[in-house]
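Engineer: This is the structure I have questions about; it appears just below.
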Amino acid sequence: MSGHSKWSTIKHKKAANDKKRGKIFTKIIRELTIAARLGGGDPESNARLRTAVLKAKDANMPKDTIERAIKKGSGGIDGTNYEEFTYEGYGLEGVAILLEIMTDNKNRAASDVRSTMTKAGGNLGANGCVSYMFDKKGIIIFDAKTLTEEKAMEIGIDAGADDITCDDKNVEIVTKVEYFDSVMKAFANAGYNYISAEITMIPNTMQDVSAEAVEKNLNLIDKLEDFDDVQNVYTNMNLPENYKV
């Protein structure tokens, strides 16, 4: 199993917790709004919006909520003007942390992130200090009970997948961003339904840390993700093989 697979598993379990807290709807609405503002309100011609709609549907967001967020972004309804940018820094024991921010108040976002990082033993760094450690990729995850590794290779490689990893529970397909849609459609046409699909940042180098630092870094990430202004948090922390998610 590749290094990012285990972190992807954590991310998706954490996302389920976010749903219970209602946080995920706020983050998806912001993504829908800014995607529509930047690329227009038609998902067919706006790949970023298409991915955001997909994520909204996966989260069981009501159709009228999705449409309202898109209208806000495309100018149909007066709405909040969000800024989009990244923060970069480090957690405990040199772990890289990359944050995607969407906010209507940059000063508030900066203050919340800086304070949280400092209290948890991390620190913010200059732009570019860790972003080079990550690559933007598409990740599509299937249930291993319904999709074999052999079939995944057959469909995925032909459609343009970069990497395919499997374990007892999941089959994970990694793609370049430009092939994300075509790979998803190839599996859909073959009759396979995904568990999750997203454009994300995958670490190209992993950082080993102590068991104590793992828990403290995960706690830091939890606190950062609690802020509505923090859209996504990525890390290159390598989890021990025996670590229980």
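Every chain in the structure tokens takes a letter, A first, then B, and so on in the order presented; its residues are numbered from 1, and the ligands are numbered from 1 following the presented order.
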Can you pull out every residue from range 2-226 of chain A that DSSP, working from the backbone, puts in helix (DSSP H, G or I), and format the result as a ChimeraX atom specification?
Structural biologist: /A:3-21,23-39,47-58,63-74,92-94,106-119,131-133,149-159,177-189,211-225
Engineer: Write out as a Markdown table the residues of range 185-219 of chain A that have any atom within 12 Å of an atom of range 150-165 of chain A, one row each with the nearest atom pair and its distance in Å to one decimal, counting only C-alpha atoms, sorted by chain and then rising number.
Structural biologist:
| residue | atom | partner | partner_atom | distance |
| --- | --- | --- | --- | --- |
| A:Lys185 | CA | A:Ala159 | CA | 8.8 |
| A:Ala186 | CA | A:Ala159 | CA | 6.4 |
| A:Phe187 | CA | A:Ile155 | CA | 6.7 |
| A:Ala188 | CA | A:Ile155 | CA | 10.3 |
| A:Asn189 | CA | A:Ile155 | CA | 10.0 |
| A:Ala190 | CA | A:Ile155 | CA | 8.1 |
| A:Gly191 | CA | A:Ile155 | CA | 11.1 |
| A:Tyr192 | CA | A:Ala152 | CA | 9.8 |
| A:Tyr194 | CA | A:Ala152 | CA | 11.8 |
Engineer: Restrict the selected residues to C-alpha atoms and save them as a short mmCIF file (atom, residue, chain, number, x, y, z; two decimals), in the first residue's frame.
Structural biologist:
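In the end it all went to again.cif:
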data_model
loop_
_atom_site.label_atom_id
_atom_site.label_comp_id
_atom_site.auth_asym_id
_atom_site.auth_seq_id
_atom_site.Cartn_x
_atom_site.Cartn_y
_atom_site.Cartn_z
CA LYS A 185 -16.52 7.71 -16.39
CA ALA A 186 -14.66 4.56 -17.45
CA PHE A 187 -15.46 2.85 -14.15
CA ALA A 188 -19.04 4.14 -14.18
CA ASN A 189 -19.55 2.80 -17.70
CA ALA A 190 -18.23 -0.58 -16.52
CA GLY A 191 -20.84 -0.60 -13.73
CA TYR A 192 -18.67 0.25 -10.72
CA TYR A 194 -17.11 4.68 -6.18
#
Engineer: Rank A:Val209, A:Ala126, A:Ala47, A:Val113 by their smallest atom-to-atom distance to Asp229 in chain A, using only C-alpha atoms, and report the top residue only.
Structural biologist: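 For Asp229 in chain A, the nearest of the given residues is A:Val113.
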Engineer: I need the residue nearest Lys27 in chain A from this list: A:Ala144, A:Val95, A:Val171, A:Ala52. Use only C-alpha atoms for the distance.
Structural biologist: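 Ranking A:Ala144, A:Val95, A:Val171, A:Ala52 by distance to Lys27 in chain A, first place goes to A:Ala52.
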Engineer: To one decimal place in Å, what is the distance between CA of Ser182 in chain A and CA of Lys55 in chain A?
Structural biologist: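 Computing the Euclidean distance for CA of Ser182 in chain A and CA of Lys55 in chain A yields 16.8 Å.
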Engineer: Leaving out Thr33 in chain A and any residue of its chain fewer than 4 positions from it, which residues lie within 7 Å of it when counting only C-alpha atoms, given as a count of residues only?
Structural biologist: 6
Engineer: Find the distance between CA of Glu67 in chain A and CA of Tyr82 in chain A and write it in Å to one decimal.
Structural biologist: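 Straight-line distance from CA of Glu67 in chain A to CA of Tyr82 in chain A works out to 17.6 Å.
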Engineer: Using only C-alpha atoms, which residues sit within 8 Å of Ile140 in chain A once same-chain residues fewer than 4 positions away are excluded, as a PyMOL selection string?
Structural biologist: chain A and resi 172-174+184+194-198
Engineer: Which is closer to Tyr87 in chain A than all the others in A:Asn123, A:Thr118, A:Ser74, A:Asn219, using only C-alpha atoms?
Structural biologist: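 Of the candidates, the smallest distance to Tyr87 in chain A is held by A:Asn123.
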Engineer: Would you mind reading off the distance between CA of Tyr179 in chain A and CA of Glu149 in chain A, one decimal, in Å?
Structural biologist: 19.6 Å
Engineer: Env of Gly128 in chain A: 8 Å cut, atoms = only C-alpha atoms, seq-sep filter 3 positions within chain, self excluded. Answer as a list in words.
Structural biologist: Glu88, Ser131 and Tyr132 of chain A
Engineer: If you run DSSP over the backbone, which residues in range 117-230 of chain A end up strand (DSSP E or B)? Put them as a ChimeraX atom specification.
Structural biologist: /A:123-124,134-143,161-166,170-175,196-203,207-208,230
Engineer: Calculated over only C-alpha atoms, which of the candidates A:Asp181, A:Glu93, A:Asp112, A:Asp167 has the smallest distance to Arg50 in chain A?
Structural biologist: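 Of A:Asp181, A:Glu93, A:Asp112, A:Asp167, the one nearest Arg50 in chain A, counting only C-alpha atoms, is A:Asp181.
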Engineer: Of the candidates A:Lys71, A:Leu92, A:Ile221, A:Ile24, which one gets nearest to Ala59 in chain A if we count only C-alpha atoms?
Structural biologist: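 Of A:Lys71, A:Leu92, A:Ile221, A:Ile24, the one nearest Ala59 in chain A is A:Ile24, counting only C-alpha atoms.
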Engineer: Residues near Thr200 in chain A, anyone? I mean within 9 Å using only C-alpha atoms, not counting same-chain ones fewer than 2 positions away, as a ChimeraX atom specification.
Structural biologist: /A:135-139,198,202,232,234
Engineer: May I have the residues from that selection written out with N, CA and C atoms, as a PDB file, in the first residue's frame?
Structural biologist:
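Once everything was written out, this is part38.pdb:
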ATOM      1  N   ASP A 135       1.707  16.958  -4.674  1.00  0.00           N
ATOM      2  CA  ASP A 135       1.254  16.993  -6.063  1.00  0.00           C
ATOM      3  C   ASP A 135      -0.267  16.939  -6.087  1.00  0.00           C
ATOM      4  N   LYS A 136      -0.871  17.739  -6.958  1.00  0.00           N
ATOM      5  CA  LYS A 136      -2.331  17.718  -7.088  1.00  0.00           C
ATOM      6  C   LYS A 136      -2.729  16.527  -7.950  1.00  0.00           C
ATOM      7  N   LYS A 137      -3.607  15.681  -7.400  1.00  0.00           N
ATOM      8  CA  LYS A 137      -4.031  14.457  -8.083  1.00  0.00           C
ATOM      9  C   LYS A 137      -5.524  14.216  -7.846  1.00  0.00           C
ATOM     10  N   GLY A 138      -6.083  13.353  -8.673  1.00  0.00           N
ATOM     11  CA  GLY A 138      -7.428  12.854  -8.427  1.00  0.00           C
ATOM     12  C   GLY A 138      -7.332  11.514  -7.718  1.00  0.00           C
ATOM     13  N   ILE A 139      -8.196  11.288  -6.723  1.00  0.00           N
ATOM     14  CA  ILE A 139      -8.245  10.000  -6.027  1.00  0.00           C
ATOM     15  C   ILE A 139      -9.680   9.475  -6.074  1.00  0.00           C
ATOM     16  N   GLU A 198     -12.306  12.663  -5.402  1.00  0.00           N
ATOM     17  CA  GLU A 198     -11.954  14.057  -5.141  1.00  0.00           C
ATOM     18  C   GLU A 198     -10.625  14.416  -5.802  1.00  0.00           C
ATOM     19  N   ILE A 202      -1.453  15.128  -2.798  1.00  0.00           N
ATOM     20  CA  ILE A 202      -0.803  13.912  -2.316  1.00  0.00           C
ATOM     21  C   ILE A 202       0.672  14.205  -2.042  1.00  0.00           C
ATOM     22  N   ASN A 232      -9.247  22.704   3.397  1.00  0.00           N
ATOM     23  CA  ASN A 232      -8.580  21.403   3.417  1.00  0.00           C
ATOM     24  C   ASN A 232      -7.250  21.514   4.147  1.00  0.00           C
ATOM     25  N   TYR A 234      -3.616  19.282   4.452  1.00  0.00           N
ATOM     26  CA  TYR A 234      -2.822  18.164   3.926  1.00  0.00           C
ATOM     27  C   TYR A 234      -1.530  18.045   4.725  1.00  0.00           C
TER      28      TYR A 234
END
Engineer: At a cut-off of 10 Å, using only C-alpha atoms, what residues contact Gly122 in chain A? Leave out same-chain residues fewer than 3 positions from it and give the result as a list in words.
Structural biologist: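 These residues fall inside the cut-off: Gly89, Tyr90, Gly91, Leu92, Glu93, Gly94, Val95, Ala96, Ile97, Arg114, Ser115, Thr116, Met117, Thr118, Lys119, Gly125, Lys216, Asn217 and Leu220 of chain A.
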